[in-house]
>>> print(open('data19.txt').read())   # compact mmCIF, C-alpha atoms
# COMPACT_ATOMS: atom_id res chain seq x y z
CA SER X 22 56.07 102.48 107.20
CA GLN X 23 58.75 102.58 104.53
CA GLU X 24 58.60 105.75 102.48
CA LEU X 25 61.15 104.51 99.98
CA GLU X 26 60.45 101.23 98.21
CA GLN X 27 63.31 99.43 96.50
CA SER X 28 63.07 96.70 93.91
CA PRO X 29 64.11 94.05 93.50
CA GLN X 30 64.80 92.97 97.05
CA SER X 31 67.65 90.77 95.86
CA LEU X 32 69.44 90.15 92.62
CA ILE X 33 71.82 87.44 91.43
CA VAL X 34 73.61 88.11 88.16
CA GLN X 35 76.41 86.59 86.15
CA GLU X 36 79.58 88.63 85.95
CA GLY X 37 79.50 90.91 82.93
CA LYS X 38 75.73 91.35 82.92
CA ASN X 39 73.95 94.68 83.27
CA LEU X 40 71.42 95.29 86.02
CA THR X 41 69.04 97.95 87.33
CA ILE X 42 67.82 98.70 90.85
CA ASN X 43 64.82 100.95 91.42
CA CYS X 44 63.86 103.25 94.27
CA THR X 45 60.34 104.69 94.40
CA SER X 46 58.85 107.32 96.67
CA SER X 47 55.21 108.30 97.15
CA LYS X 48 56.32 111.89 97.64
CA THR X 49 58.53 114.31 95.76
CA LEU X 50 62.18 113.82 96.54
CA TYR X 51 64.37 116.82 97.19
CA GLY X 52 67.62 114.92 97.30
CA LEU X 53 68.08 111.23 96.58
CA TYR X 54 71.21 109.42 97.71
CA TRP X 55 72.60 106.06 96.75
CA TYR X 56 74.83 104.13 99.09
CA LYS X 57 76.49 100.73 98.97
CA GLN X 58 77.01 98.53 102.01
CA LYS X 59 79.13 95.45 102.41
CA TYR X 60 77.56 92.97 104.80
CA GLY X 61 77.73 94.23 108.40
CA GLU X 62 79.80 97.28 107.50
CA GLY X 63 79.28 101.00 107.10
CA LEU X 64 77.74 102.66 104.06
CA ILE X 65 79.78 103.99 101.18
CA PHE X 66 78.42 107.07 99.41
CA LEU X 67 77.90 106.55 95.68
CA MET X 68 75.92 109.47 94.28
CA MET X 69 73.43 112.20 95.09
CA LEU X 70 70.74 113.46 92.72
CA GLN X 71 68.68 116.61 93.20
CA LYS X 72 67.21 117.81 89.95
CA GLY X 73 64.42 116.15 87.99
CA GLY X 74 65.90 114.31 85.02
CA GLU X 75 69.38 114.41 86.52
CA GLU X 76 71.78 111.61 85.68
CA LYS X 77 75.19 110.92 87.17
CA SER X 78 77.79 108.29 86.42
CA HIS X 79 80.79 106.98 88.26
CA GLU X 80 82.83 104.26 86.65
CA LYS X 81 80.26 101.63 85.63
CA ILE X 82 77.42 102.89 87.82
CA THR X 83 74.79 105.34 86.55
CA ALA X 84 72.00 106.81 88.63
CA LYS X 85 68.99 108.75 87.35
CA LEU X 86 66.23 110.73 89.00
CA ASP X 87 63.01 110.95 87.00
CA GLU X 88 61.39 114.23 85.95
CA LYS X 89 58.75 114.01 88.67
CA LYS X 90 61.45 113.36 91.27
CA GLN X 91 59.64 110.35 92.68
CA GLN X 92 61.70 107.52 91.27
CA SER X 93 65.37 106.82 90.89
CA SER X 94 67.21 104.00 89.20
CA LEU X 95 70.72 102.71 89.63
CA HIS X 96 72.21 100.93 86.64
CA ILE X 97 75.39 98.87 86.68
CA THR X 98 77.01 98.03 83.39
CA ALA X 99 79.14 94.91 82.94
CA SER X 100 78.86 93.86 86.60
CA GLN X 101 81.91 92.59 88.49
CA PRO X 102 82.25 90.66 91.76
CA SER X 103 83.39 93.93 93.39
CA HIS X 104 79.90 95.33 92.79
CA ALA X 105 78.38 92.79 95.18
CA GLY X 106 76.77 94.21 98.30
CA ILE X 107 73.61 95.90 99.48
CA TYR X 108 72.48 99.02 97.65
CA LEU X 109 70.44 101.53 99.59
CA CYS X 110 68.64 104.63 98.43
CA GLY X 111 68.09 107.38 100.96
CA ALA X 112 66.38 110.76 101.18
CA GLU X 113 65.88 113.65 103.56
CA LYS X 114 62.59 114.72 105.11
CA GLY X 115 62.92 117.74 107.33
CA ASN X 116 65.70 117.02 109.78
CA GLN X 117 65.38 113.28 109.33
CA PHE X 118 66.96 110.96 106.86
CA TYR X 119 65.38 107.68 105.81
CA PHE X 120 66.49 104.73 103.74
CA GLY X 121 64.87 102.18 101.51
CA THR X 122 64.88 98.52 102.51
CA GLY X 123 67.90 97.78 100.35
CA THR X 124 68.70 95.55 97.37
CA SER X 125 71.14 92.71 97.88
CA LEU X 126 73.31 92.12 94.83
CA THR X 127 75.30 88.93 94.24
CA VAL X 128 77.60 88.71 91.24
CA ILE X 129 78.63 85.22 90.20
CA PRO X 130 82.10 85.00 88.62
CA GLU W 13 91.84 113.74 106.42
CA THR W 14 90.53 111.03 108.76
CA GLY W 15 87.23 109.32 108.11
CA VAL W 16 84.42 108.53 110.53
CA THR W 17 85.43 106.10 113.25
CA GLN W 18 83.30 104.21 115.77
CA SER W 19 84.04 102.29 118.92
CA PRO W 20 83.74 99.63 120.02
CA THR W 21 83.45 97.34 117.00
CA HIS W 22 81.41 94.73 118.80
CA LEU W 23 79.61 94.69 122.12
CA ILE W 24 77.60 92.13 124.07
CA LYS W 25 75.24 93.24 126.82
CA THR W 26 72.40 91.71 128.77
CA ARG W 27 68.84 92.92 128.92
CA GLY W 28 68.34 95.87 131.25
CA GLN W 29 71.93 97.10 131.04
CA GLN W 30 73.06 100.43 129.65
CA VAL W 31 75.47 100.98 126.76
CA THR W 32 77.47 103.89 125.34
CA LEU W 33 78.67 103.92 121.75
CA ARG W 34 81.15 106.45 120.42
CA CYS W 35 81.70 108.17 117.11
CA SER W 36 84.41 110.50 115.84
CA SER W 37 83.27 112.59 112.92
CA GLN W 38 85.24 113.28 109.79
CA SER W 39 87.57 116.23 110.04
CA GLY W 40 85.72 119.52 109.47
CA HIS W 41 82.24 118.03 109.93
CA ASN W 42 79.97 119.52 112.60
CA THR W 43 76.93 117.26 112.21
CA VAL W 44 76.56 113.68 113.40
CA SER W 45 73.61 111.36 112.82
CA TRP W 46 72.99 107.96 114.39
CA TYR W 47 71.18 105.04 112.82
CA GLN W 48 70.04 101.61 113.94
CA GLN W 49 70.16 98.83 111.38
CA ALA W 50 68.50 95.53 112.26
CA LEU W 51 69.49 92.45 110.31
CA GLY W 52 68.10 92.53 106.78
CA GLN W 53 66.69 96.04 107.13
CA GLY W 54 67.69 99.48 105.97
CA PRO W 55 69.15 101.86 108.57
CA GLN W 56 66.59 103.67 110.76
CA PHE W 57 67.30 107.28 111.74
CA ILE W 58 67.67 107.73 115.51
CA PHE W 59 68.71 111.38 115.82
CA GLN W 60 71.05 114.06 114.56
CA TYR W 61 73.30 116.47 116.41
CA TYR W 62 74.41 119.77 114.95
CA ARG W 63 76.90 121.90 116.86
CA GLU W 64 76.16 120.08 120.13
CA GLU W 65 72.35 120.41 119.88
CA GLU W 66 69.85 117.72 118.92
CA ASN W 67 68.65 118.74 115.46
CA GLY W 68 66.16 116.04 114.57
CA ARG W 69 64.87 112.78 116.00
CA GLY W 70 63.34 109.64 114.57
CA ASN W 71 60.76 107.36 116.14
CA PHE W 72 62.88 106.07 119.02
CA PRO W 73 62.00 106.12 122.75
CA PRO W 74 63.70 108.49 125.22
CA ARG W 75 65.96 105.72 126.50
CA PHE W 76 67.96 106.41 123.34
CA SER W 77 69.88 109.58 124.06
CA GLY W 78 72.94 111.27 122.71
CA LEU W 79 75.61 113.87 123.17
CA GLN W 80 77.84 115.84 120.87
CA PHE W 81 81.05 117.32 122.18
CA PRO W 82 82.83 120.58 121.24
CA ASN W 83 85.15 118.61 118.95
CA TYR W 84 81.97 117.26 117.24
CA SER W 85 82.53 113.69 118.33
CA SER W 86 79.39 112.05 119.60
CA GLU W 87 77.98 109.38 121.92
CA LEU W 88 74.85 107.29 121.67
CA ASN W 89 73.52 106.04 125.00
CA VAL W 90 70.88 103.36 125.32
CA ASN W 91 69.36 102.62 128.72
CA ALA W 92 67.36 99.58 129.84
CA LEU W 93 68.48 97.48 126.91
CA GLU W 94 65.92 95.23 125.25
CA LEU W 95 66.50 92.20 123.06
CA ASP W 96 65.22 94.16 120.03
CA ASP W 97 68.03 96.67 120.49
CA SER W 98 70.40 94.10 118.99
CA ALA W 99 71.54 95.71 115.75
CA LEU W 100 74.33 97.44 113.88
CA TYR W 101 74.59 101.05 115.03
CA LEU W 102 75.94 103.44 112.46
CA CYS W 103 76.99 107.01 112.81
CA ALA W 104 77.44 109.41 109.94
CA SER W 105 78.97 112.85 109.80
CA SER W 106 78.29 115.69 107.40
CA LEU W 107 79.61 119.16 106.78
CA ASP W 108 76.61 121.09 107.99
CA GLY W 109 73.24 120.34 109.54
CA GLY W 110 70.18 120.16 107.32
CA GLY W 111 69.96 120.64 103.59
CA THR W 112 71.09 118.08 101.07
CA ASP W 113 74.48 117.47 102.53
CA THR W 114 76.25 114.18 101.94
CA GLN W 115 76.71 111.95 104.97
CA TYR W 116 79.81 109.83 105.44
CA PHE W 117 79.40 106.69 107.50
CA GLY W 118 81.55 104.90 110.01
CA PRO W 119 82.00 101.12 110.02
CA GLY W 120 79.39 100.62 112.73
CA THR W 121 79.15 99.01 116.16
CA ARG W 122 77.51 95.60 116.35
CA LEU W 123 75.48 95.40 119.58
CA THR W 124 74.13 92.07 120.79
CA VAL W 125 71.68 92.04 123.69
CA LEU W 126 71.22 88.70 125.43
>>> encode(input="data19.txt", output="structure tokens")
Amino acid sequence: SQELEQSPQSLIVQEGKNLTINCTSSKTLYGLYWYKQKYGEGLIFLMMLQKGGEEKSHEKITAKLDEKKQQSSLHITASQPSHAGIYLCGAEKGNQFYFGTGTSLTVIP
Amino acid sequence: ETGVTQSPTHLIKTRGQQVTLRCSSQSGHNTVSWYQQALGQGPQFIFQYYREEENGRGNFPPRFSGLQFPNYSSELNVNALELDDSALYLCASSLDGGGTDTQYFGPGTRLTVL
């Protein structure tokens, strides 16, 4: 069973619009990672969050981890076609690492 | 500094055959993890190797096995291939085993089992 639930499953936005992707866990997260994947390719590391309430930004992408450390959101401001891809959240559990099901983002020029 | 590389890029095998996939970790990294990603799914953790020892394993049968070499490169071996083994296989390297250490991924090997 998936331990990380992502929503929405897919998203189609007009270029320039803002969007948010959510990642929810039933258990406390001790490190939450966000990755981006182009179709059929490897994953590109975006950000890692560890502390409750932590927020990090890189260019137009902001990720937050809530105070209870069970939910994270990824927000993209003024989306561009280069933001298109699959966004995956991931977390560690013991010596294993598991991912959410992914959110497919399409940005229409 | 070289990134994570994988070979081959694509591979076609028939059911029952065996396959070996290879991964070279990023310079300075001693931990390699392997993942299987079926179409439309998130990657599933297969196992992790830290300094040549298996350091964690996901819910995969024993016919999925691995090796890590002294230079920290790694192989994933799959015996008795099944149709459901068709997937993108990703390897990722990190600086040290365990903890909240960032993984860097290779481009993947696309395996098709006919």
>>> closest_atom_pairs(input="data19.txt", of="chain X", to="chain W", cutoff="8 Å", atoms="only C-alpha atoms", output="CSV")
residue,atom,partner,partner_atom,distance
X:Tyr51,CA,W:Thr112,CA,7.9
X:Gly52,CA,W:Thr112,CA,6.0
X:Gly61,CA,W:Leu100,CA,7.2
X:Glu62,CA,W:Pro119,CA,5.1
X:Gly63,CA,W:Pro119,CA,4.0
X:Leu64,CA,W:Phe117,CA,5.6
X:Ile65,CA,W:Phe117,CA,6.9
X:Phe66,CA,W:Tyr116,CA,6.8
X:Met69,CA,W:Thr114,CA,7.7
X:Leu109,CA,W:Gly54,CA,7.2
X:Glu113,CA,W:Thr112,CA,7.3
X:Gly115,CA,W:Gly110,CA,7.7
X:Asn116,CA,W:Gly68,CA,4.9
X:Gln117,CA,W:Gly68,CA,6.0
X:Phe118,CA,W:Phe57,CA,6.1
X:Tyr119,CA,W:Phe57,CA,6.2
X:Phe120,CA,W:Gly54,CA,5.8
X:Gly121,CA,W:Gly54,CA,5.9
X:Thr122,CA,W:Gly54,CA,4.6
X:Gly123,CA,W:Gly54,CA,5.9
>>> residues_around(input="data19.txt", residues="Tyr108 in chain X", least_positions_apart="4", cutoff="7 Å", atoms="only C-alpha atoms", output="NGL selection string")
:X and (56-58 or 123-125)
>>> atom_distance(input="data19.txt", atom1="CA of Gln27 in chain X", atom2="CA of Leu86 in chain X")
13.9 Å
>>> axis_aligned_box(input="data19.txt", around="range 26-42 of chain W", padding_each_side="5 Å", output="AutoDock Vina command-line options")
--center_x 78.0 --center_y 105.6 --center_z 120.4 --size_x 29.2 --size_y 37.8 --size_z 31.8
>>> residues_around(input="data19.txt", residues="range 73-76 of chain W", least_positions_apart="4", cutoff="12 Å", atoms="all atoms listed in the file", output="list in words")
Gly28, Gln29, Gln30, Val31, Thr32, Leu33, Trp46, Tyr47, Gln48, Phe57, Ile58, Phe59, Arg69, Glu87, Leu88, Asn89, Val90, Asn91, Ala92, Leu93, Glu94, Asp97 and Tyr101 of chain W
>>> write_last_selection(input="data19.txt", atoms="C-alpha atoms", output="compact mmCIF listing (two decimals), keeping the file's coordinate frame")
# COMPACT_ATOMS: atom_id res chain seq x y z
CA GLY W 28 68.34 95.87 131.25
CA GLN W 29 71.93 97.10 131.04
CA GLN W 30 73.06 100.43 129.65
CA VAL W 31 75.47 100.98 126.76
CA THR W 32 77.47 103.89 125.34
CA LEU W 33 78.67 103.92 121.75
CA TRP W 46 72.99 107.96 114.39
CA TYR W 47 71.18 105.04 112.82
CA GLN W 48 70.04 101.61 113.94
CA PHE W 57 67.30 107.28 111.74
CA ILE W 58 67.67 107.73 115.51
CA PHE W 59 68.71 111.38 115.82
CA ARG W 69 64.87 112.78 116.00
CA GLU W 87 77.98 109.38 121.92
CA LEU W 88 74.85 107.29 121.67
CA ASN W 89 73.52 106.04 125.00
CA VAL W 90 70.88 103.36 125.32
CA ASN W 91 69.36 102.62 128.72
CA ALA W 92 67.36 99.58 129.84
CA LEU W 93 68.48 97.48 126.91
CA GLU W 94 65.92 95.23 125.25
CA ASP W 97 68.03 96.67 120.49
CA TYR W 101 74.59 101.05 115.03
>>> residues_around(input="data19.txt", residues="Thr41 in chain X", least_positions_apart="3", cutoff="10 Å", atoms="only C-alpha atoms", output="list in words")
Ser28, Pro29, Leu32, Ile82, Thr83, Ala84, Ser94, Leu95, His96, Ile97 and Thr98 of chain X
>>> atom_distance(input="data19.txt", atom1="CA of Leu53 in chain X", atom2="CA of Ser106 in chain W")
15.5 Å
>>> atom_distance(input="data19.txt", atom1="CA of Tyr60 in chain X", atom2="CA of Val128 in chain X")
14.2 Å
>>> decode(input="data19.txt", residues="range 78-112 of chain W", atoms="N, CA, C and O atoms", output="CSV table (one decimal), in the first residue's frame")
chain,number,residue,atom,x,y,z
W,78,GLY,N,21.7,-8.1,-6.1
W,78,GLY,CA,22.6,-7.0,-6.4
W,78,GLY,C,24.0,-7.3,-5.9
W,78,GLY,O,24.3,-8.2,-5.2
W,79,LEU,N,24.9,-6.4,-6.4
W,79,LEU,CA,26.3,-6.3,-6.0
W,79,LEU,C,26.7,-4.9,-5.9
W,79,LEU,O,26.3,-4.1,-6.7
W,80,GLN,N,27.6,-4.6,-5.0
W,80,GLN,CA,28.3,-3.3,-5.1
W,80,GLN,C,29.8,-3.6,-5.0
W,80,GLN,O,30.3,-4.5,-4.3
W,81,PHE,N,30.5,-2.9,-5.8
W,81,PHE,CA,32.0,-3.2,-6.0
W,81,PHE,C,32.8,-2.2,-5.2
W,81,PHE,O,32.3,-1.2,-4.7
W,82,PRO,N,34.1,-2.5,-5.0
W,82,PRO,CA,34.9,-1.6,-4.2
W,82,PRO,C,34.9,-0.1,-4.7
W,82,PRO,O,35.2,0.8,-3.9
W,83,ASN,N,34.7,0.1,-5.9
W,83,ASN,CA,34.6,1.5,-6.4
W,83,ASN,C,33.2,2.0,-6.3
W,83,ASN,O,33.0,3.1,-6.8
W,84,TYR,N,32.4,1.3,-5.6
W,84,TYR,CA,31.0,1.7,-5.3
W,84,TYR,C,30.0,1.7,-6.5
W,84,TYR,O,28.9,2.0,-6.3
W,85,SER,N,30.5,1.2,-7.6
W,85,SER,CA,29.5,0.9,-8.7
W,85,SER,C,28.7,-0.3,-8.3
W,85,SER,O,29.0,-1.0,-7.4
W,86,SER,N,27.6,-0.5,-9.0
W,86,SER,CA,26.7,-1.5,-8.6
W,86,SER,C,26.1,-2.2,-9.8
W,86,SER,O,26.0,-1.7,-10.9
W,87,GLU,N,25.6,-3.4,-9.5
W,87,GLU,CA,24.8,-4.2,-10.5
W,87,GLU,C,23.5,-4.7,-9.9
W,87,GLU,O,23.4,-4.9,-8.7
W,88,LEU,N,22.5,-4.7,-10.7
W,88,LEU,CA,21.2,-5.3,-10.4
W,88,LEU,C,21.0,-6.5,-11.3
W,88,LEU,O,21.1,-6.3,-12.5
W,89,ASN,N,20.8,-7.7,-10.7
W,89,ASN,CA,20.6,-8.9,-11.5
W,89,ASN,C,19.2,-9.3,-11.2
W,89,ASN,O,18.7,-9.4,-10.1
W,90,VAL,N,18.5,-9.7,-12.3
W,90,VAL,CA,17.2,-10.3,-12.2
W,90,VAL,C,17.1,-11.6,-13.0
W,90,VAL,O,17.4,-11.6,-14.1
W,91,ASN,N,16.8,-12.6,-12.2
W,91,ASN,CA,16.7,-14.0,-12.8
W,91,ASN,C,15.3,-14.3,-13.2
W,91,ASN,O,14.3,-13.7,-12.6
W,92,ALA,N,15.1,-15.3,-14.1
W,92,ALA,CA,13.8,-15.8,-14.4
W,92,ALA,C,12.8,-14.7,-14.7
W,92,ALA,O,11.8,-14.6,-14.0
W,93,LEU,N,13.2,-13.9,-15.6
W,93,LEU,CA,12.4,-12.7,-15.9
W,93,LEU,C,10.9,-13.0,-16.2
W,93,LEU,O,10.6,-14.0,-16.8
W,94,GLU,N,10.0,-12.1,-15.7
W,94,GLU,CA,8.6,-12.3,-15.9
W,94,GLU,C,8.1,-11.0,-16.6
W,94,GLU,O,8.8,-10.0,-16.6
W,95,LEU,N,6.9,-11.1,-17.2
W,95,LEU,CA,6.4,-10.0,-18.0
W,95,LEU,C,6.3,-8.8,-17.1
W,95,LEU,O,6.5,-7.6,-17.6
W,96,ASP,N,5.9,-8.9,-15.9
W,96,ASP,CA,5.7,-7.8,-15.0
W,96,ASP,C,7.0,-7.1,-14.6
W,96,ASP,O,7.0,-6.1,-13.9
W,97,ASP,N,8.1,-7.7,-14.9
W,97,ASP,CA,9.4,-7.1,-14.7
W,97,ASP,C,9.7,-5.9,-15.6
W,97,ASP,O,10.7,-5.2,-15.5
W,98,SER,N,8.9,-5.8,-16.7
W,98,SER,CA,9.0,-4.7,-17.6
W,98,SER,C,8.8,-3.4,-16.9
W,98,SER,O,7.8,-3.1,-16.3
W,99,ALA,N,9.9,-2.5,-16.9
W,99,ALA,CA,9.8,-1.3,-16.1
W,99,ALA,C,11.0,-0.4,-16.4
W,99,ALA,O,12.0,-0.9,-17.1
W,100,LEU,N,11.0,0.7,-15.9
W,100,LEU,CA,12.2,1.6,-15.9
W,100,LEU,C,13.0,1.3,-14.5
W,100,LEU,O,12.4,1.4,-13.5
W,101,TYR,N,14.2,0.9,-14.6
W,101,TYR,CA,15.0,0.6,-13.4
W,101,TYR,C,16.0,1.8,-13.2
W,101,TYR,O,16.8,2.2,-14.0
W,102,LEU,N,15.8,2.4,-12.0
W,102,LEU,CA,16.6,3.5,-11.6
W,102,LEU,C,17.6,3.2,-10.5
W,102,LEU,O,17.2,2.5,-9.6
W,103,CYS,N,18.8,3.7,-10.6
W,103,CYS,CA,19.7,3.7,-9.5
W,103,CYS,C,19.9,5.1,-9.0
W,103,CYS,O,19.8,6.0,-9.7
W,104,ALA,N,20.2,5.2,-7.7
W,104,ALA,CA,20.5,6.4,-7.1
W,104,ALA,C,21.7,6.3,-6.2
W,104,ALA,O,21.8,5.3,-5.5
W,105,SER,N,22.6,7.3,-6.1
W,105,SER,CA,23.7,7.2,-5.2
W,105,SER,C,23.6,8.3,-4.2
W,105,SER,O,22.9,9.4,-4.4
W,106,SER,N,24.1,8.1,-3.0
W,106,SER,CA,24.1,9.1,-2.0
W,106,SER,C,25.5,9.0,-1.2
W,106,SER,O,26.2,8.0,-1.3
W,107,LEU,N,25.7,10.0,-0.4
W,107,LEU,CA,27.0,10.2,0.2
W,107,LEU,C,27.3,9.1,1.3
W,107,LEU,O,28.4,8.7,1.5
W,108,ASP,N,26.2,8.8,2.0
W,108,ASP,CA,26.4,7.8,3.1
W,108,ASP,C,25.1,7.1,3.3
W,108,ASP,O,24.1,7.6,3.2
W,109,GLY,N,25.2,5.8,3.8
W,109,GLY,CA,24.1,5.0,4.0
W,109,GLY,C,23.2,5.5,5.1
W,109,GLY,O,23.7,6.0,6.1
W,110,GLY,N,21.9,5.4,5.0
W,110,GLY,CA,21.0,5.8,6.1
W,110,GLY,C,20.9,7.2,6.3
W,110,GLY,O,21.5,8.0,5.6
W,111,GLY,N,20.1,7.6,7.3
W,111,GLY,CA,19.9,9.0,7.6
W,111,GLY,C,19.2,9.8,6.5
W,111,GLY,O,18.7,9.2,5.6
W,112,THR,N,19.1,11.0,6.6
W,112,THR,CA,18.3,11.8,5.6
W,112,THR,C,19.3,12.4,4.6
W,112,THR,O,19.6,13.6,4.6
